[in-house]
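**Student:** Pasting input20.cif below, which is mmCIF, C-alpha atoms and all ligand atoms.
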```
data_target
#
loop_
_atom_site.label_atom_id
_atom_site.label_comp_id
_atom_site.auth_asym_id
_atom_site.auth_seq_id
_atom_site.Cartn_x
_atom_site.Cartn_y
_atom_site.Cartn_z
CA MET A 1 7.31 25.30 -11.53
CA ASP A 2 11.00 24.97 -12.29
CA LYS A 3 11.61 25.69 -16.03
CA ASP A 4 13.04 22.23 -16.93
CA PHE A 5 10.24 20.50 -15.07
CA GLU A 6 7.66 22.73 -16.77
CA ILE A 7 8.94 21.58 -20.16
CA ILE A 8 8.59 17.94 -19.11
CA VAL A 9 5.09 18.50 -17.74
CA ARG A 10 3.93 20.33 -20.86
CA GLU A 11 5.29 17.56 -23.05
CA LEU A 12 3.58 14.91 -20.92
CA ALA A 13 0.28 16.77 -20.78
CA ASP A 14 0.38 17.05 -24.53
CA HIS A 15 0.44 13.27 -24.87
CA PHE A 16 -2.59 12.68 -22.66
CA LYS A 17 -6.22 13.52 -23.26
CA ILE A 18 -6.43 16.11 -20.52
CA LYS A 19 -8.55 19.20 -20.78
CA GLY A 20 -7.46 22.79 -20.36
CA GLU A 21 -4.44 24.99 -19.77
CA ILE A 22 -1.86 23.95 -17.20
CA VAL A 23 -1.83 26.26 -14.18
CA SER A 24 0.55 24.42 -11.87
CA CYS A 25 2.17 21.08 -11.14
CA GLU A 26 3.50 20.44 -7.62
CA PRO A 27 4.83 17.40 -5.71
CA TYR A 28 1.98 15.74 -3.82
CA GLY A 29 1.29 13.20 -1.05
CA ASN A 30 3.53 11.10 1.15
CA GLY A 31 4.05 7.90 -0.85
CA HIS A 32 7.38 6.09 -0.51
CA ILE A 33 7.58 4.67 -4.04
CA ASN A 34 6.36 6.71 -7.01
CA SER A 35 6.94 10.38 -7.81
CA THR A 36 3.56 12.02 -7.48
CA PHE A 37 2.43 15.49 -8.62
CA VAL A 38 -0.87 17.32 -8.64
CA LEU A 39 -1.46 18.90 -12.01
CA VAL A 40 -3.96 21.76 -12.06
CA CYS A 41 -5.59 22.88 -15.31
CA ILE A 42 -8.31 25.35 -16.24
CA ASP A 43 -10.58 24.16 -19.02
CA GLU A 44 -12.27 26.26 -21.73
CA THR A 45 -15.29 26.93 -19.49
CA GLY A 46 -13.05 28.25 -16.71
CA LYS A 47 -13.49 25.13 -14.61
CA ARG A 48 -10.53 23.95 -12.54
CA ARG A 49 -9.58 20.35 -13.25
CA ARG A 50 -7.03 18.49 -11.16
CA TYR A 51 -5.07 15.40 -12.10
CA ILE A 52 -2.53 13.14 -10.41
CA LEU A 53 0.59 12.86 -12.53
CA GLN A 54 2.90 10.04 -11.52
CA LYS A 55 6.24 8.73 -12.62
CA ILE A 56 6.13 4.99 -11.97
CA ASN A 57 9.13 3.79 -10.00
CA LYS A 58 10.64 1.42 -12.52
CA SER A 59 13.33 0.04 -10.23
CA VAL A 60 10.50 -1.24 -7.99
CA PHE A 61 8.09 -2.15 -10.80
CA LYS A 62 10.15 -3.94 -13.43
CA SER A 63 7.27 -4.07 -15.87
CA PRO A 64 5.24 -0.84 -15.70
CA GLU A 65 3.18 -2.07 -18.70
CA GLU A 66 1.96 -5.01 -16.61
CA VAL A 67 1.22 -2.74 -13.64
CA MET A 68 -0.95 -0.59 -15.88
CA GLU A 69 -2.64 -3.58 -17.49
CA ASN A 70 -3.70 -4.82 -14.04
CA ILE A 71 -4.95 -1.37 -13.07
CA VAL A 72 -6.91 -0.86 -16.29
CA ARG A 73 -8.57 -4.27 -15.97
CA VAL A 74 -9.42 -3.95 -12.28
CA THR A 75 -10.74 -0.39 -12.52
CA ALA A 76 -12.83 -1.30 -15.60
CA PHE A 77 -14.27 -4.26 -13.69
CA LEU A 78 -15.14 -2.06 -10.69
CA LYS A 79 -16.68 0.62 -12.91
CA SER A 80 -18.83 -1.97 -14.69
CA ASN A 81 -20.67 -2.65 -11.43
CA PRO A 82 -22.50 0.45 -10.14
CA ALA A 83 -22.68 -1.11 -6.66
CA SER A 84 -18.89 -1.01 -6.31
CA LEU A 85 -17.09 1.67 -4.40
CA LYS A 86 -15.64 4.49 -6.52
CA THR A 87 -12.30 3.67 -8.14
CA LEU A 88 -9.43 5.43 -9.89
CA SER A 89 -9.99 6.82 -13.40
CA VAL A 90 -7.02 6.26 -15.67
CA ILE A 91 -6.50 8.92 -18.34
CA PHE A 92 -5.36 7.37 -21.60
CA ASN A 93 -2.84 8.98 -23.90
CA LYS A 94 -3.47 9.91 -27.51
CA ASP A 95 -2.28 6.46 -28.65
CA ASN A 96 -4.85 4.94 -26.29
CA LEU A 97 -2.19 3.68 -23.90
CA SER A 98 -2.59 4.04 -20.14
CA TYR A 99 0.95 5.36 -19.76
CA TYR A 100 3.49 7.39 -21.71
CA LYS A 101 7.07 6.21 -22.06
CA THR A 102 9.59 9.03 -22.50
CA SER A 103 12.69 8.83 -24.67
CA GLU A 104 14.67 8.31 -21.41
CA GLY A 105 12.56 5.20 -20.72
CA ASP A 106 10.52 6.70 -17.84
CA TYR A 107 6.87 5.71 -17.50
CA TRP A 108 4.33 8.39 -16.61
CA ARG A 109 0.60 8.06 -16.02
CA ILE A 110 -2.27 10.36 -15.18
CA TYR A 111 -5.33 9.74 -13.01
CA LYS A 112 -8.29 12.02 -12.45
CA PHE A 113 -7.85 13.64 -9.06
CA VAL A 114 -10.38 12.15 -6.64
CA GLU A 115 -12.16 15.36 -5.62
CA SER A 116 -14.15 16.04 -2.44
CA SER A 117 -11.92 13.61 -0.66
CA ILE A 118 -9.49 13.47 2.21
CA CYS A 119 -6.47 11.24 2.36
CA LEU A 120 -5.07 10.75 5.86
CA ASP A 121 -1.56 9.68 6.80
CA LEU A 122 -2.84 8.56 10.19
CA PRO A 123 -6.47 8.18 11.30
CA GLU A 124 -7.64 11.20 13.27
CA THR A 125 -10.57 9.37 14.84
CA GLU A 126 -11.69 5.80 15.40
CA GLU A 127 -14.38 6.36 12.78
CA ASP A 128 -11.74 7.34 10.16
CA PHE A 129 -10.00 4.05 10.78
CA TYR A 130 -13.28 2.12 10.58
CA GLN A 131 -14.07 3.80 7.26
CA SER A 132 -10.66 3.02 5.76
CA ALA A 133 -11.10 -0.59 6.90
CA PHE A 134 -14.53 -0.65 5.32
CA ALA A 135 -13.09 0.68 2.03
CA PHE A 136 -10.45 -2.07 1.83
CA GLY A 137 -13.00 -4.72 2.88
CA ARG A 138 -15.39 -3.50 0.17
CA PHE A 139 -12.55 -3.62 -2.32
CA GLN A 140 -12.16 -7.34 -1.49
CA ARG A 141 -15.86 -7.90 -1.87
CA ASP A 142 -16.21 -5.86 -5.07
CA LEU A 143 -13.43 -7.92 -6.66
CA ASN A 144 -14.66 -11.28 -5.43
CA GLU A 145 -15.70 -12.39 -8.92
CA PHE A 146 -12.55 -11.10 -10.61
CA PRO A 147 -10.28 -14.01 -11.64
CA ALA A 148 -7.28 -13.42 -9.36
CA ASP A 149 -4.99 -15.78 -11.26
CA THR A 150 -5.24 -13.66 -14.44
CA LEU A 151 -3.47 -10.70 -12.80
CA HIS A 152 0.23 -10.06 -13.31
CA GLU A 153 2.45 -10.41 -10.26
CA THR A 154 3.78 -6.86 -10.46
CA ILE A 155 6.38 -7.49 -7.75
CA PRO A 156 7.12 -11.20 -7.62
CA ASP A 157 6.87 -12.69 -4.10
CA PHE A 158 5.82 -9.32 -2.71
CA HIS A 159 4.32 -10.76 0.49
CA ASN A 160 6.15 -14.08 0.41
CA THR A 161 7.66 -13.69 3.87
CA PRO A 162 9.97 -16.75 3.72
CA LYS A 163 11.48 -15.30 0.51
CA ARG A 164 11.77 -11.87 2.15
CA TYR A 165 13.59 -13.58 5.01
CA GLU A 166 16.06 -15.21 2.59
CA THR A 167 16.72 -11.80 1.01
CA PHE A 168 17.23 -10.33 4.45
CA LEU A 169 19.73 -13.06 5.42
CA LYS A 170 21.60 -12.45 2.17
CA ALA A 171 21.82 -8.73 2.95
CA VAL A 172 23.18 -9.57 6.41
CA ARG A 173 25.79 -11.93 4.90
CA GLU A 174 26.87 -9.47 2.22
CA ASP A 175 26.82 -6.50 4.59
CA ARG A 176 27.49 -4.13 1.71
CA CYS A 177 27.61 -0.98 3.85
CA GLY A 178 29.35 -2.45 6.90
CA ARG A 179 26.27 -1.82 9.04
CA ALA A 180 25.44 -5.38 10.21
CA ALA A 181 27.53 -5.35 13.40
CA SER A 182 25.73 -2.26 14.66
CA VAL A 183 22.31 -3.91 14.25
CA ALA A 184 23.04 -7.33 15.78
CA ASP A 185 20.04 -7.10 18.16
CA GLU A 186 17.69 -6.21 15.34
CA ILE A 187 19.01 -9.10 13.23
CA LYS A 188 18.48 -11.50 16.14
CA PHE A 189 14.90 -10.26 16.53
CA PHE A 190 14.13 -11.47 13.01
CA THR A 191 16.11 -14.73 13.14
CA ASP A 192 14.42 -15.63 16.46
CA ARG A 193 11.02 -15.60 14.73
CA ALA A 194 11.98 -17.59 11.62
CA ASP A 195 9.53 -20.44 12.40
CA PHE A 196 6.60 -18.08 11.98
CA TYR A 197 7.28 -16.90 8.44
CA SER A 198 5.64 -19.77 6.53
CA VAL A 199 2.38 -19.81 8.54
CA LEU A 200 0.25 -18.10 5.85
CA LEU A 201 1.68 -20.04 2.91
CA ASP A 202 1.20 -23.30 4.85
CA SER A 203 -2.41 -22.31 5.63
CA CYS A 204 -2.96 -21.66 1.93
CA LYS A 205 -1.67 -25.12 1.05
CA LEU A 206 -4.06 -26.59 3.63
CA GLY A 207 -7.01 -24.78 1.99
CA LEU A 208 -7.60 -22.49 4.97
CA LEU A 209 -6.58 -19.33 3.14
CA PRO A 210 -7.84 -18.84 -0.43
CA LEU A 211 -5.96 -16.86 -3.05
CA ARG A 212 -7.90 -13.68 -3.80
CA VAL A 213 -7.39 -10.38 -5.56
CA SER A 214 -5.56 -8.38 -2.93
CA HIS A 215 -4.39 -4.79 -2.75
CA ASN A 216 -1.19 -5.50 -0.83
CA ASP A 217 -0.47 -1.97 0.35
CA THR A 218 -3.38 -1.00 2.61
CA LYS A 219 -1.93 1.95 4.50
CA ILE A 220 -4.64 4.45 5.34
CA ASN A 221 -3.10 6.95 2.89
CA ASN A 222 -3.94 4.52 0.11
CA SER A 223 -7.64 5.05 0.80
CA MET A 224 -9.78 8.18 0.52
CA LEU A 225 -12.74 9.31 2.59
CA HIS A 226 -15.53 11.75 1.60
CA GLU A 227 -14.52 15.25 2.59
CA ASP A 228 -17.91 16.03 4.18
CA THR A 229 -19.24 12.73 5.48
CA ARG A 230 -15.78 11.19 6.12
CA THR A 231 -17.15 7.85 4.91
CA ALA A 232 -15.29 5.35 2.68
CA LEU A 233 -14.92 6.81 -0.82
CA CYS A 234 -12.20 5.12 -2.83
CA VAL A 235 -9.18 2.81 -2.68
CA ILE A 236 -6.09 4.16 -4.48
CA ASP A 237 -2.45 3.11 -5.14
CA LEU A 238 -3.38 0.07 -7.19
CA ASP A 239 0.18 -0.80 -8.31
CA THR A 240 0.45 -3.88 -6.13
CA ILE A 241 -2.89 -5.46 -6.95
CA MET A 242 -2.02 -9.12 -7.36
CA PRO A 243 -3.22 -12.55 -6.40
CA GLY A 244 -2.77 -12.64 -2.61
CA PHE A 245 -4.45 -13.02 0.77
CA SER A 246 -7.22 -11.05 2.48
CA VAL A 247 -5.37 -11.36 5.79
CA THR A 248 -2.28 -9.55 4.53
CA ASP A 249 -4.46 -6.65 3.33
CA PHE A 250 -5.91 -6.55 6.83
CA GLY A 251 -2.49 -6.93 8.41
CA ASP A 252 -0.68 -4.20 6.52
CA ALA A 253 -3.34 -1.72 7.59
CA ILE A 254 -3.04 -2.78 11.23
CA ARG A 255 0.74 -2.42 11.30
CA PHE A 256 0.40 1.11 10.03
CA GLY A 257 -2.87 2.46 11.40
CA ALA A 258 -3.31 0.63 14.71
CA SER A 259 0.00 1.98 15.91
CA THR A 260 -0.17 4.88 18.34
CA ALA A 261 2.67 6.64 16.50
CA ALA A 262 4.07 7.29 13.04
CA GLU A 263 5.97 4.60 11.15
CA ASP A 264 9.24 6.47 11.74
CA GLU A 265 8.71 7.65 15.35
CA LYS A 266 12.08 7.72 17.13
CA ASP A 267 10.65 7.66 20.66
CA LEU A 268 9.60 4.03 20.98
CA SER A 269 7.76 4.70 24.24
CA LYS A 270 5.15 6.38 22.01
CA VAL A 271 4.80 3.33 19.75
CA ASN A 272 2.18 0.80 20.83
CA LEU A 273 -0.39 -1.47 19.29
CA ASP A 274 -3.74 0.11 20.05
CA MET A 275 -6.00 -2.88 20.71
CA ASN A 276 -9.09 -0.72 20.45
CA MET A 277 -8.04 0.30 16.93
CA PHE A 278 -7.33 -3.35 16.11
CA LYS A 279 -10.91 -4.21 17.07
CA ILE A 280 -12.32 -1.27 15.12
CA TYR A 281 -10.38 -2.20 12.00
CA ALA A 282 -11.43 -5.86 12.27
CA LYS A 283 -15.08 -4.77 12.41
CA GLY A 284 -14.74 -2.29 9.53
CA PHE A 285 -12.84 -4.70 7.30
CA LEU A 286 -15.26 -7.58 7.91
CA ASP A 287 -18.29 -5.30 7.47
CA GLY A 288 -16.81 -4.21 4.13
CA CYS A 289 -16.14 -7.82 3.10
CA GLY A 290 -19.84 -8.51 3.65
CA GLY A 291 -19.59 -12.08 4.95
CA GLN A 292 -17.36 -13.24 2.14
CA LEU A 293 -14.38 -14.47 4.19
CA LEU A 294 -14.13 -18.05 5.42
CA ASP A 295 -14.03 -18.61 9.19
CA SER A 296 -10.52 -20.02 8.79
CA GLU A 297 -9.49 -16.77 7.07
CA ILE A 298 -11.01 -14.63 9.80
CA MET A 299 -9.16 -16.68 12.40
CA LEU A 300 -5.89 -15.90 10.59
CA LEU A 301 -6.34 -12.11 10.66
CA PRO A 302 -4.00 -11.75 13.68
CA GLU A 303 -1.35 -13.80 11.86
CA GLY A 304 -1.79 -11.46 8.88
CA ALA A 305 -1.18 -8.46 11.15
CA LYS A 306 1.92 -9.92 12.77
CA MET A 307 3.26 -11.20 9.43
CA MET A 308 2.95 -7.84 7.70
CA THR A 309 4.56 -6.03 10.62
CA ILE A 310 7.52 -8.41 10.87
CA GLU A 311 7.90 -8.51 7.10
CA CYS A 312 7.87 -4.73 6.80
CA GLY A 313 10.38 -4.37 9.65
CA MET A 314 12.60 -6.91 7.92
CA ARG A 315 12.28 -5.03 4.62
CA PHE A 316 13.28 -1.74 6.28
CA LEU A 317 16.29 -3.41 7.89
CA THR A 318 17.25 -5.11 4.61
CA ASP A 319 17.13 -1.73 2.87
CA TYR A 320 19.22 -0.18 5.65
CA LEU A 321 21.82 -2.95 5.24
CA GLU A 322 21.83 -2.52 1.47
CA GLY A 323 22.34 1.25 1.62
CA ASP A 324 18.76 2.61 1.48
CA THR A 325 18.05 2.02 -2.17
CA TYR A 326 14.39 0.90 -2.10
CA PHE A 327 12.29 3.08 0.22
CA ARG A 328 12.46 6.85 -0.09
CA THR A 329 14.37 8.05 2.99
CA HIS A 330 14.75 11.57 4.31
CA TYR A 331 17.80 11.15 6.56
CA GLU A 332 20.51 8.60 7.35
CA GLY A 333 19.06 5.92 9.60
CA HIS A 334 15.45 6.57 8.48
CA ASN A 335 14.94 2.92 7.52
CA LEU A 336 16.41 1.80 10.84
CA ASP A 337 13.97 4.03 12.76
CA ARG A 338 11.15 2.52 10.73
CA CYS A 339 12.43 -0.97 11.50
CA HIS A 340 12.42 -0.21 15.24
CA THR A 341 8.76 0.84 15.25
CA GLN A 342 7.79 -2.38 13.49
CA MET A 343 9.76 -4.45 16.03
CA LYS A 344 8.02 -2.67 18.89
CA LEU A 345 4.63 -3.36 17.33
CA VAL A 346 5.45 -7.05 16.80
CA SER A 347 6.39 -7.35 20.49
CA ASP A 348 3.11 -5.67 21.41
CA MET A 349 1.18 -8.07 19.19
CA GLU A 350 2.87 -11.00 20.88
CA ALA A 351 1.89 -9.58 24.26
CA ASN A 352 -1.73 -9.07 23.10
CA TRP A 353 -1.97 -12.28 21.09
CA ASP A 354 -4.76 -13.98 23.06
CA GLU A 355 -6.93 -10.88 22.91
CA MET A 356 -6.33 -10.50 19.17
CA LYS A 357 -7.34 -14.12 18.59
CA ALA A 358 -10.40 -13.80 20.88
CA THR A 359 -11.52 -10.69 18.95
CA VAL A 360 -11.59 -12.44 15.60
CA LYS A 361 -13.17 -15.57 17.07
CA GLU A 362 -16.12 -13.42 18.19
CA HIS A 363 -16.55 -12.29 14.57
CA CYS A 364 -16.76 -15.91 13.38
CA LYS A 365 -19.46 -16.61 15.96
CA ASN A 366 -21.43 -13.50 15.01
CA LYS A 367 -21.43 -14.13 11.27
P1 LIG B 1 2.96 5.69 -3.74
O1 LIG B 1 2.97 4.33 -4.38
O2 LIG B 1 4.23 6.41 -3.89
O3 LIG B 1 2.48 5.60 -2.32
P2 LIG B 1 0.28 6.72 -4.41
O4 LIG B 1 -0.37 6.24 -5.67
O5 LIG B 1 -0.21 6.15 -3.13
O6 LIG B 1 1.88 6.56 -4.57
O7 LIG B 1 0.13 8.31 -4.38
C1 LIG B 1 0.72 9.09 -3.36
C2 LIG B 1 -0.34 10.00 -2.71
O8 LIG B 1 -0.94 10.84 -3.73
C3 LIG B 1 -1.52 9.28 -2.07
O9 LIG B 1 -1.22 8.87 -0.74
C4 LIG B 1 -2.60 10.35 -2.14
O10 LIG B 1 -2.41 11.32 -1.12
C5 LIG B 1 -2.31 11.05 -3.46
N1 LIG B 1 -3.12 10.50 -4.57
C6 LIG B 1 -2.79 9.45 -5.37
N2 LIG B 1 -3.74 9.24 -6.32
C7 LIG B 1 -4.68 10.21 -6.12
C8 LIG B 1 -5.91 10.57 -6.81
N3 LIG B 1 -6.33 9.92 -7.88
N4 LIG B 1 -6.60 11.64 -6.32
C9 LIG B 1 -6.16 12.36 -5.25
N5 LIG B 1 -5.02 12.07 -4.58
C10 LIG B 1 -4.28 11.02 -4.99
C1 LIG B 2 5.54 1.38 0.43
O1 LIG B 2 4.04 2.98 -1.85
P1 LIG B 2 3.70 3.16 -0.40
O2 LIG B 2 4.40 4.29 0.26
O3 LIG B 2 2.19 3.19 -0.23
C2 LIG B 2 5.67 -0.10 0.06
C3 LIG B 2 4.84 -0.95 1.01
C4 LIG B 2 5.33 -0.73 2.45
C5 LIG B 2 5.23 0.76 2.75
C6 LIG B 2 5.84 1.08 4.10
C7 LIG B 2 5.41 -1.06 -3.56
O4 LIG B 2 4.19 1.78 0.30
O5 LIG B 2 4.99 -2.33 0.69
O6 LIG B 2 4.51 -1.45 3.37
O7 LIG B 2 5.95 1.56 1.77
N1 LIG B 2 5.20 -0.28 -1.31
C8 LIG B 2 5.95 -1.00 -2.18
O8 LIG B 2 5.42 2.33 4.50
O9 LIG B 2 6.99 -1.58 -1.87
MG MG B 3 0.70 5.02 -1.57
#
```
Will you turn the file into structure tokens for me?
**Tutor:**
Amino acid sequence: MDKDFEIIVRELADHFKIKGEIVSCEPYGNGHINSTFVLVCIDETGKRRRYILQKINKSVFKSPEEVMENIVRVTAFLKSNPASLKTLSVIFNKDNLSYYKTSEGDYWRIYKFVESSICLDLPETEEDFYQSAFAFGRFQRDLNEFPADTLHETIPDFHNTPKRYETFLKAVREDRCGRAASVADEIKFFTDRADFYSVLLDSCKLGLLPLRVSHNDTKINNSMLHEDTRTALCVIDLDTIMPGFSVTDFGDAIRFGASTAAEDEKDLSKVNLDMNMFKIYAKGFLDGCGGQLLDSEIMLLPEGAKMMTIECGMRFLTDYLEGDTYFRTHYEGHNLDRCHTQMKLVSDMEANWDEMKATVKEHCKNK
């Protein structure tokens, strides 16, 4: 550990009720938003205890207190029902708060490390993808009785695609970095599809899509599988739990995991929607939901997939136009590469639309 960082870590550890002597603290995982570290301690019996130490990204989450309040309430609810899937364990600090605010105004939190687990950035097998789908479906089901409207909206209008589109158009107009002219084709791709963006909100108004507790960030690396059995173990990254739609939880996972390549693959010939994976995820998610979704919701799963993919592509392009200030990037043009993969996937979804719709229709029939 670097000396300055070690001082910070020791100070933080001192504020929380964690057991043992600190052995190490290293950056961990591949998240785009928070700063995540694995903190390893040895307790008085010689047992190794691991924790996840995270600095909450406060430019993304304007009210970290509200983020933590949601997480504490939802995890307590899940823990109160032994039938629920395992959930995160928040470690409280010595003042019984779920976070510690430093004198610089940074918010840190600690979770117990979910042991005996694997966390995949891409599914290695079809079964991995099924199990991640099952975990997120179960999460929906386990939270069915939780009053969604009592949760804080930790990022207002997070999956409000028409609002995201307005923000995108504003970034194009302002063109702060002088990049708009070089991405005219990409901009056209998103303006051409403007009629689609209100489909989910309109369906909600019509009563076809109920507001539920949703996770809102269902990439496979936000779920954990058992190390040995590789079955669904736990859903993590609970920062964006808010009132939302089941179909966007489904959709975000499809855009990420049913792609044949990484989110930032440069060679677009490698990026395709894998229809087999789409079908597997639909089965896993609906099995996890345990018959709780309405037929009208199931029928909108393809719209959820296309919406999340377009929205994410638009967000990457917006960030590129605004100078890469939101998503963590590793090189110039990283957000643009990410935008291209999302565009390719949207085109593939459009080409496979009838098959996507037929797949979910079968699930309605077989309920
Ligand atoms: P971000 O919002 O930046 O994606 P996450 O909360 O998803 O942050 O954490 C980043 C990564 O850290 C996860 O993808 C996972 O690999 C790992 N991780 C997070 N929480 C835990 C935990 N409690 N136990 C083990 N690994 C974890
Ligand atoms: C971010 O935090 P992480 O890396 O799991 C983002 C998601 C995007 C995703 C794209 C809070 O997810 O909305 O879909 O990157 N999370 C937030 O990879 O904006
Ligand atoms: Mg994450």
**Student:** Between CA of Glu355 in chain A and CA of Ile280 in chain A, measure the distance and give it in Å to one decimal.
**Tutor:**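 Separating CA of Glu355 in chain A from CA of Ile280 in chain A is a distance of 13.5 Å.
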**Student:** Taking only C-alpha atoms and all ligand atoms into account, which residues are within 7 Å of ligand MG 3 (chain B), as a count of residues only?
**Tutor:** 5
**Student:** Report the distance between CA of Asp142 in chain A and CA of Val90 in chain A in Å, rounded to one decimal place.
**Tutor:** 18.5 Å
**Student:** Which residues of range 123-191 of chain A come within 10 Å of range 49-64 of chain A, and what is each one's closest atom pair and distance in Å (one decimal), counting all atoms listed in the file, sorted by chain and residue number, as a Markdown table?
**Tutor:**
```
| residue | atom | partner | partner_atom | distance |
| --- | --- | --- | --- | --- |
| A:His152 | CA | A:Ser63 | CA | 9.6 |
| A:Glu153 | CA | A:Ser63 | CA | 9.7 |
| A:Thr154 | CA | A:Phe61 | CA | 6.4 |
| A:Ile155 | CA | A:Phe61 | CA | 6.4 |
| A:Pro156 | CA | A:Phe61 | CA | 9.6 |
```
**Student:** Have a look at A:Glu265, A:Glu26, A:Asp319, A:Glu303 and name the one nearest to Lys357 in chain A; count all atoms listed in the file.
**Tutor:**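 With all atoms listed in the file as the atom set, the closest residue is A:Glu303.
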**Student:** Find the spatial neighbours of Ser269 in chain A, counting only C-alpha atoms, within a cut-off of 10 Å - ignore same-chain residues fewer than 2 positions away - and output them as a list in words.
**Tutor:**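 Final neighbour list, sorted by chain and number: Thr260, Ala261, Glu265, Lys266, Asp267, Val271, Asn272, Thr341 and Lys344 of chain A.
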**Student:** Please extract the residues at most 8 Å from ligand LIG 1 (chain B), counting all atoms listed in the file, and provide them as an MDAnalysis selection string, using the chain letters and residue numbers of this document.
**Tutor:** chainID A and resid 28:38 51:52 54 88:89 111:115 117 119:121 221:224 236:239
**Student:** Write the selection just made, keeping C-alpha atoms, as a compact mmCIF listing (two decimals), keeping the file's coordinate frame?
**Tutor:**
```txt
# COMPACT_ATOMS: atom_id res chain seq x y z
CA TYR A 28 1.98 15.74 -3.82
CA GLY A 29 1.29 13.20 -1.05
CA ASN A 30 3.53 11.10 1.15
CA GLY A 31 4.05 7.90 -0.85
CA HIS A 32 7.38 6.09 -0.51
CA ILE A 33 7.58 4.67 -4.04
CA ASN A 34 6.36 6.71 -7.01
CA SER A 35 6.94 10.38 -7.81
CA THR A 36 3.56 12.02 -7.48
CA PHE A 37 2.43 15.49 -8.62
CA VAL A 38 -0.87 17.32 -8.64
CA TYR A 51 -5.07 15.40 -12.10
CA ILE A 52 -2.53 13.14 -10.41
CA GLN A 54 2.90 10.04 -11.52
CA LEU A 88 -9.43 5.43 -9.89
CA SER A 89 -9.99 6.82 -13.40
CA TYR A 111 -5.33 9.74 -13.01
CA LYS A 112 -8.29 12.02 -12.45
CA PHE A 113 -7.85 13.64 -9.06
CA VAL A 114 -10.38 12.15 -6.64
CA GLU A 115 -12.16 15.36 -5.62
CA SER A 117 -11.92 13.61 -0.66
CA CYS A 119 -6.47 11.24 2.36
CA LEU A 120 -5.07 10.75 5.86
CA ASP A 121 -1.56 9.68 6.80
CA ASN A 221 -3.10 6.95 2.89
CA ASN A 222 -3.94 4.52 0.11
CA SER A 223 -7.64 5.05 0.80
CA MET A 224 -9.78 8.18 0.52
CA ILE A 236 -6.09 4.16 -4.48
CA ASP A 237 -2.45 3.11 -5.14
CA LEU A 238 -3.38 0.07 -7.19
CA ASP A 239 0.18 -0.80 -8.31
```
**Student:** Measuring atom to atom with all atoms listed in the file, identify which of A:Glu104, A:Asp185, A:Glu263, A:Glu227 is nearest to ligand LIG 2 (chain B).
**Tutor:** A:Glu263
**Student:** Would you mind listing what lies within 9 Å of Asp14 in chain A as a list in words, with all atoms listed in the file counted and same-chain residues fewer than 4 positions away left out?
**Tutor:** Val9, Arg10, Ile18, Asn93 and Lys94 of chain A
**Student:** Compile the contact shell of Ala135 in chain A as number ranges by chain: residues with an atom at most 12 Å away, counting only C-alpha atoms, same-chain residues fewer than 2 positions apart removed.
**Tutor:** A: 84-87, 128-133, 137-142, 215, 218-226, 230-236, 249-250, 253, 281, 283-290
**Student:** I'd like the interatomic distance between CA of Arg212 in chain A and CA of Ala258 in chain A, to a tenth of an Å.
**Tutor:** 23.8 Å
**Student:** Please define a box with edges along x, y and z of the file around all atoms of ligand LIG 2 (chain B) given in the file, extend it by 5 Å on each side, and return its centre and edge lengths in Å to one decimal, as JSON.
**Tutor:**
```
{"center_x": 4.6, "center_y": 1.0, "center_z": 0.5, "size_x": 14.8, "size_y": 16.6, "size_z": 18.1}
```
**Student:** Pick the closest to Lys367 in chain A from A:Gly291, A:Gly333, A:Phe316, A:Ser103: which is it, counting all atoms listed in the file?
**Tutor:** A:Gly291
**Student:** Need to verify the contact set: Met1 in chain A, 9 Å, only C-alpha atoms, exclusion of same-chain residues closer than 3 positions in sequence. Can you return it as a ChimeraX atom specification?
**Tutor:** /A:4-6,24-26
**Student:** Report as number ranges by chain all protein, DNA and RNA residues lying within 8 Å of Asp43 in chain A, evaluated on only C-alpha atoms, omitting residues in the same chain fewer than 3 positions from it.
**Tutor:** A: 19-21, 46-49
**Student:** Select, from A:Ile118, A:Leu273, A:Val67, A:Leu300, the residue with the minimum atom-to-atom distance to ligand LIG 2 (chain B), counting all atoms listed in the file.
**Tutor:**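 Closest residue, counting all atoms listed in the file: A:Val67.
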**Student:** Using all atoms listed in the file, which residue out of A:Ser347, A:Thr359, A:Thr325, A:Asn144 lies closest to ligand LIG 2 (chain B)?
**Tutor:**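 Checking each candidate against ligand LIG 2 (chain B), we get A:Thr325 as the closest.
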**Student:** Measuring between all atoms listed in the file, which one of A:His159, A:Lys279, A:Lys170, A:Arg315 shows the shortest distance to Ser246 in chain A?
**Tutor:** A:His159
**Student:** Please return as number ranges by chain every residue within 9 Å of (-13.0, -7.1, -13.2), taking into account all atoms listed in the file and the file's own coordinates.
**Tutor:** A: 73-80, 142-147
**Student:** Taking (4.0, -9.7, 9.1) in the file's own coordinates, collect the residues within 9 Å, counting only C-alpha atoms, and hand them back as a compact mmCIF listing (two decimals) with C-alpha atoms, in the frame of the given file.
**Tutor:**
```txt
# COMPACT_ATOMS: atom_id res chain seq x y z
CA HIS A 159 4.32 -10.76 0.49
CA THR A 161 7.66 -13.69 3.87
CA TYR A 197 7.28 -16.90 8.44
CA THR A 248 -2.28 -9.55 4.53
CA GLY A 251 -2.49 -6.93 8.41
CA ASP A 252 -0.68 -4.20 6.52
CA ARG A 255 0.74 -2.42 11.30
CA GLU A 303 -1.35 -13.80 11.86
CA GLY A 304 -1.79 -11.46 8.88
CA ALA A 305 -1.18 -8.46 11.15
CA LYS A 306 1.92 -9.92 12.77
CA MET A 307 3.26 -11.20 9.43
CA MET A 308 2.95 -7.84 7.70
CA THR A 309 4.56 -6.03 10.62
CA ILE A 310 7.52 -8.41 10.87
CA GLU A 311 7.90 -8.51 7.10
CA CYS A 312 7.87 -4.73 6.80
CA GLY A 313 10.38 -4.37 9.65
CA VAL A 346 5.45 -7.05 16.80
```
